[in-house]
Amino acid sequence: MSISGETKATIMKEYSSIELEEKGLEAVRNNNLKEAVRLFKEITEKDPGFERGLAFYHLACNLEDLGQLDEAEEAYIKSIKYDPSDDFRIEAYASFLYLNRSPLKAYKMHLVLIELYMYLKTLKSITSTMPILFELGKKLNKTKEEVQKDINALKPCNDFDISLRSEEHTSELQSPDHLVCRLLLE
């Protein structure tokens, strides 16, 4: 069986991205964050959709650790846009906002997390996020009742099956009407 030139190029591109990712993760393990940033940037430039934009997430984490917060935030947002159903990426961005940005942005992103956890039906994650949300609400001079009202206003999609991560569901989460997308577009 022969492989077409286009298929060979795709295989080589994937292998190259995989190799760069492995080197980037090794650089992180060796605490060589500048090298990790360089490698993950290379992936995002050559193959931004690799592993649903996961290199943007790795890039964001390393930029944050280096104190390059504006670039880190941009990379977190790009990572989430590639896979808005990945609760881990949204958790990381919400944490970033909590530690480095405004309480209002962090509050809104934690609402996004709760909405996503409702999709996932992960009660443990919802209950672990609630204290953070109430703390942020306090910083915003919101009463517990106002925070609860914001939570009650969330309307997760009942037919969303996170295990599928289909293009249809990803498109739904990327629609301008969805809370994740609305927040990222602000």
# chains A, B, ... in the order shown; residues from 1 in each chain; ligands from 1
>>> residues_around(residues="segment 88-93 of chain A", least_positions_apart="2", cutoff="8 Å", atoms="only C-alpha atoms", output="PyMOL selection string")
chain A and resi 57+73+76-77+79-80+84+86+95-97+109-110+112-113
>>> write_last_selection(atoms="N, CA and C atoms", output="CSV table (one decimal), in the first residue's frame")
chain,number,residue,atom,x,y,z
A,57,TYR,N,-2.5,25.6,25.7
A,57,TYR,CA,-2.6,25.5,27.2
A,57,TYR,C,-1.3,25.3,27.8
A,73,GLU,N,-2.6,34.9,29.3
A,73,GLU,CA,-4.1,35.0,29.1
A,73,GLU,C,-4.5,34.8,27.7
A,76,TYR,N,-4.3,31.0,27.0
A,76,TYR,CA,-5.4,30.3,27.7
A,76,TYR,C,-6.7,30.4,26.9
A,77,ILE,N,-7.0,31.6,26.4
A,77,ILE,CA,-8.2,31.9,25.6
A,77,ILE,C,-8.2,31.1,24.3
A,79,SER,N,-6.5,28.4,23.8
A,79,SER,CA,-6.7,27.0,24.1
A,79,SER,C,-8.1,26.6,24.3
A,80,ILE,N,-8.9,27.4,25.0
A,80,ILE,CA,-10.3,27.1,25.3
A,80,ILE,C,-11.1,27.2,24.0
A,84,PRO,N,-13.7,24.1,23.9
A,84,PRO,CA,-14.4,24.8,25.0
A,84,PRO,C,-15.1,23.8,25.9
A,86,ASP,N,-13.4,21.3,27.5
A,86,ASP,CA,-12.3,20.8,28.3
A,86,ASP,C,-12.4,21.5,29.7
A,95,SER,N,-8.6,29.8,37.4
A,95,SER,CA,-7.6,30.0,38.5
A,95,SER,C,-6.6,31.1,38.1
A,96,PHE,N,-6.2,31.2,36.9
A,96,PHE,CA,-5.3,32.3,36.4
A,96,PHE,C,-6.0,33.6,36.7
A,97,LEU,N,-7.3,33.7,36.3
A,97,LEU,CA,-8.0,35.0,36.5
A,97,LEU,C,-8.1,35.3,38.0
A,109,MET,N,-15.9,33.4,34.9
A,109,MET,CA,-15.3,32.2,34.5
A,109,MET,C,-15.6,31.0,35.4
A,110,HIS,N,-15.7,31.3,36.7
A,110,HIS,CA,-16.2,30.2,37.6
A,110,HIS,C,-17.6,29.9,37.4
A,112,VAL,N,-18.9,29.8,34.4
A,112,VAL,CA,-18.7,29.0,33.3
A,112,VAL,C,-18.4,27.6,33.7
A,113,LEU,N,-17.5,27.5,34.7
A,113,LEU,CA,-17.1,26.1,35.2
A,113,LEU,C,-18.3,25.4,35.8
>>> residues_around(residues="Pro103 of chain A", least_positions_apart="4", cutoff="9 Å", atoms="only C-alpha atoms", output="JSON, numbers by chain")
{"A": [97, 98, 99, 107, 108, 136, 137, 139, 140]}
>>> write_last_selection(atoms="N, CA, C and O atoms", output="tab-separated table (two decimals), in the first residue's frame")
chain	number	residue	atom	x	y	z
A	97	LEU	N	-7.28	33.74	36.34
A	97	LEU	CA	-8.01	34.99	36.54
A	97	LEU	C	-8.11	35.31	38.03
A	97	LEU	O	-7.97	36.47	38.43
A	98	TYR	N	-8.37	34.31	38.84
A	98	TYR	CA	-8.49	34.50	40.28
A	98	TYR	C	-7.19	35.04	40.87
A	98	TYR	O	-7.20	35.95	41.70
A	99	LEU	N	-6.07	34.49	40.42
A	99	LEU	CA	-4.77	34.87	40.97
A	99	LEU	C	-4.19	36.15	40.36
A	99	LEU	O	-3.45	36.88	41.04
A	107	TYR	N	-14.94	35.64	38.53
A	107	TYR	CA	-16.29	35.25	38.92
A	107	TYR	C	-17.05	34.68	37.73
A	107	TYR	O	-17.65	33.60	37.80
A	108	LYS	N	-17.00	35.40	36.62
A	108	LYS	CA	-17.71	34.95	35.41
A	108	LYS	C	-17.18	33.61	34.91
A	108	LYS	O	-17.94	32.74	34.50
A	136	LEU	N	-15.45	35.05	45.59
A	136	LEU	CA	-15.34	36.09	44.56
A	136	LEU	C	-16.55	37.02	44.60
A	136	LEU	O	-16.42	38.23	44.41
A	137	GLY	N	-17.72	36.44	44.83
A	137	GLY	CA	-18.93	37.26	44.95
A	137	GLY	C	-18.80	38.27	46.08
A	137	GLY	O	-19.18	39.44	45.94
A	139	LYS	N	-16.02	39.56	47.17
A	139	LYS	CA	-15.11	40.61	46.71
A	139	LYS	C	-15.81	41.61	45.79
A	139	LYS	O	-15.40	42.76	45.68
A	140	LEU	N	-16.86	41.15	45.14
A	140	LEU	CA	-17.64	42.01	44.23
A	140	LEU	C	-18.84	42.63	44.93
A	140	LEU	O	-19.71	43.21	44.28
>>> closest_residue(among="A:Lys46, A:Ala36, A:Gly67, A:Ala72", to="Ser16 of chain A", atoms="only C-alpha atoms")
A:Lys46
>>> atom_distance(atom1="atom CA of Glu21 of chain A", atom2="atom CA of His58 of chain A")
9.1 Å
>>> closest_residue(among="A:Ser102, A:Ile18, A:Cys61, A:Ala94", to="Thr129 of chain A", atoms="only C-alpha atoms")
A:Ala94
>>> residues_around(residues="Phe40 of chain A", least_positions_apart="5", cutoff="8 Å", atoms="only C-alpha atoms", output="PDB file with N, CA, C and O atoms, in the first residue's frame")
ATOM      1  N   LEU A  20       7.880  17.814  19.207  1.00  0.00           N
ATOM      2  CA  LEU A  20       8.036  19.115  19.865  1.00  0.00           C
ATOM      3  C   LEU A  20       7.330  19.124  21.218  1.00  0.00           C
ATOM      4  O   LEU A  20       7.851  19.667  22.199  1.00  0.00           O
ATOM      5  N   GLU A  21       6.146  18.519  21.269  1.00  0.00           N
ATOM      6  CA  GLU A  21       5.404  18.461  22.527  1.00  0.00           C
ATOM      7  C   GLU A  21       6.200  17.680  23.572  1.00  0.00           C
ATOM      8  O   GLU A  21       6.311  18.106  24.729  1.00  0.00           O
ATOM      9  N   GLY A  24       8.948  19.795  24.750  1.00  0.00           N
ATOM     10  CA  GLY A  24       8.419  20.869  25.594  1.00  0.00           C
ATOM     11  C   GLY A  24       8.085  20.382  26.992  1.00  0.00           C
ATOM     12  O   GLY A  24       8.414  21.036  27.993  1.00  0.00           O
ATOM     13  N   ALA A  55      -1.351  22.699  22.849  1.00  0.00           N
ATOM     14  CA  ALA A  55      -0.075  23.411  22.987  1.00  0.00           C
ATOM     15  C   ALA A  55      -0.300  24.834  23.513  1.00  0.00           C
ATOM     16  O   ALA A  55       0.545  25.370  24.238  1.00  0.00           O
ATOM     17  N   PHE A  56      -1.452  25.437  23.176  1.00  0.00           N
ATOM     18  CA  PHE A  56      -1.762  26.767  23.714  1.00  0.00           C
ATOM     19  C   PHE A  56      -1.900  26.708  25.236  1.00  0.00           C
ATOM     20  O   PHE A  56      -1.486  27.618  25.948  1.00  0.00           O
ATOM     21  N   HIS A  58      -0.398  24.481  27.287  1.00  0.00           N
ATOM     22  CA  HIS A  58       0.951  24.331  27.846  1.00  0.00           C
ATOM     23  C   HIS A  58       1.720  25.649  27.768  1.00  0.00           C
ATOM     24  O   HIS A  58       2.436  26.019  28.703  1.00  0.00           O
ATOM     25  N   LEU A  59       1.558  26.344  26.662  1.00  0.00           N
ATOM     26  CA  LEU A  59       2.205  27.643  26.495  1.00  0.00           C
ATOM     27  C   LEU A  59       1.723  28.611  27.572  1.00  0.00           C
ATOM     28  O   LEU A  59       2.526  29.301  28.213  1.00  0.00           O
TER      29      LEU A  59
END
>>> atom_distance(atom1="atom CA of Glu146 of chain A", atom2="atom CA of Lys81 of chain A")
28.9 Å
>>> atom_distance(atom1="atom CA of Thr44 of chain A", atom2="atom CA of Ala106 of chain A")
25.5 Å
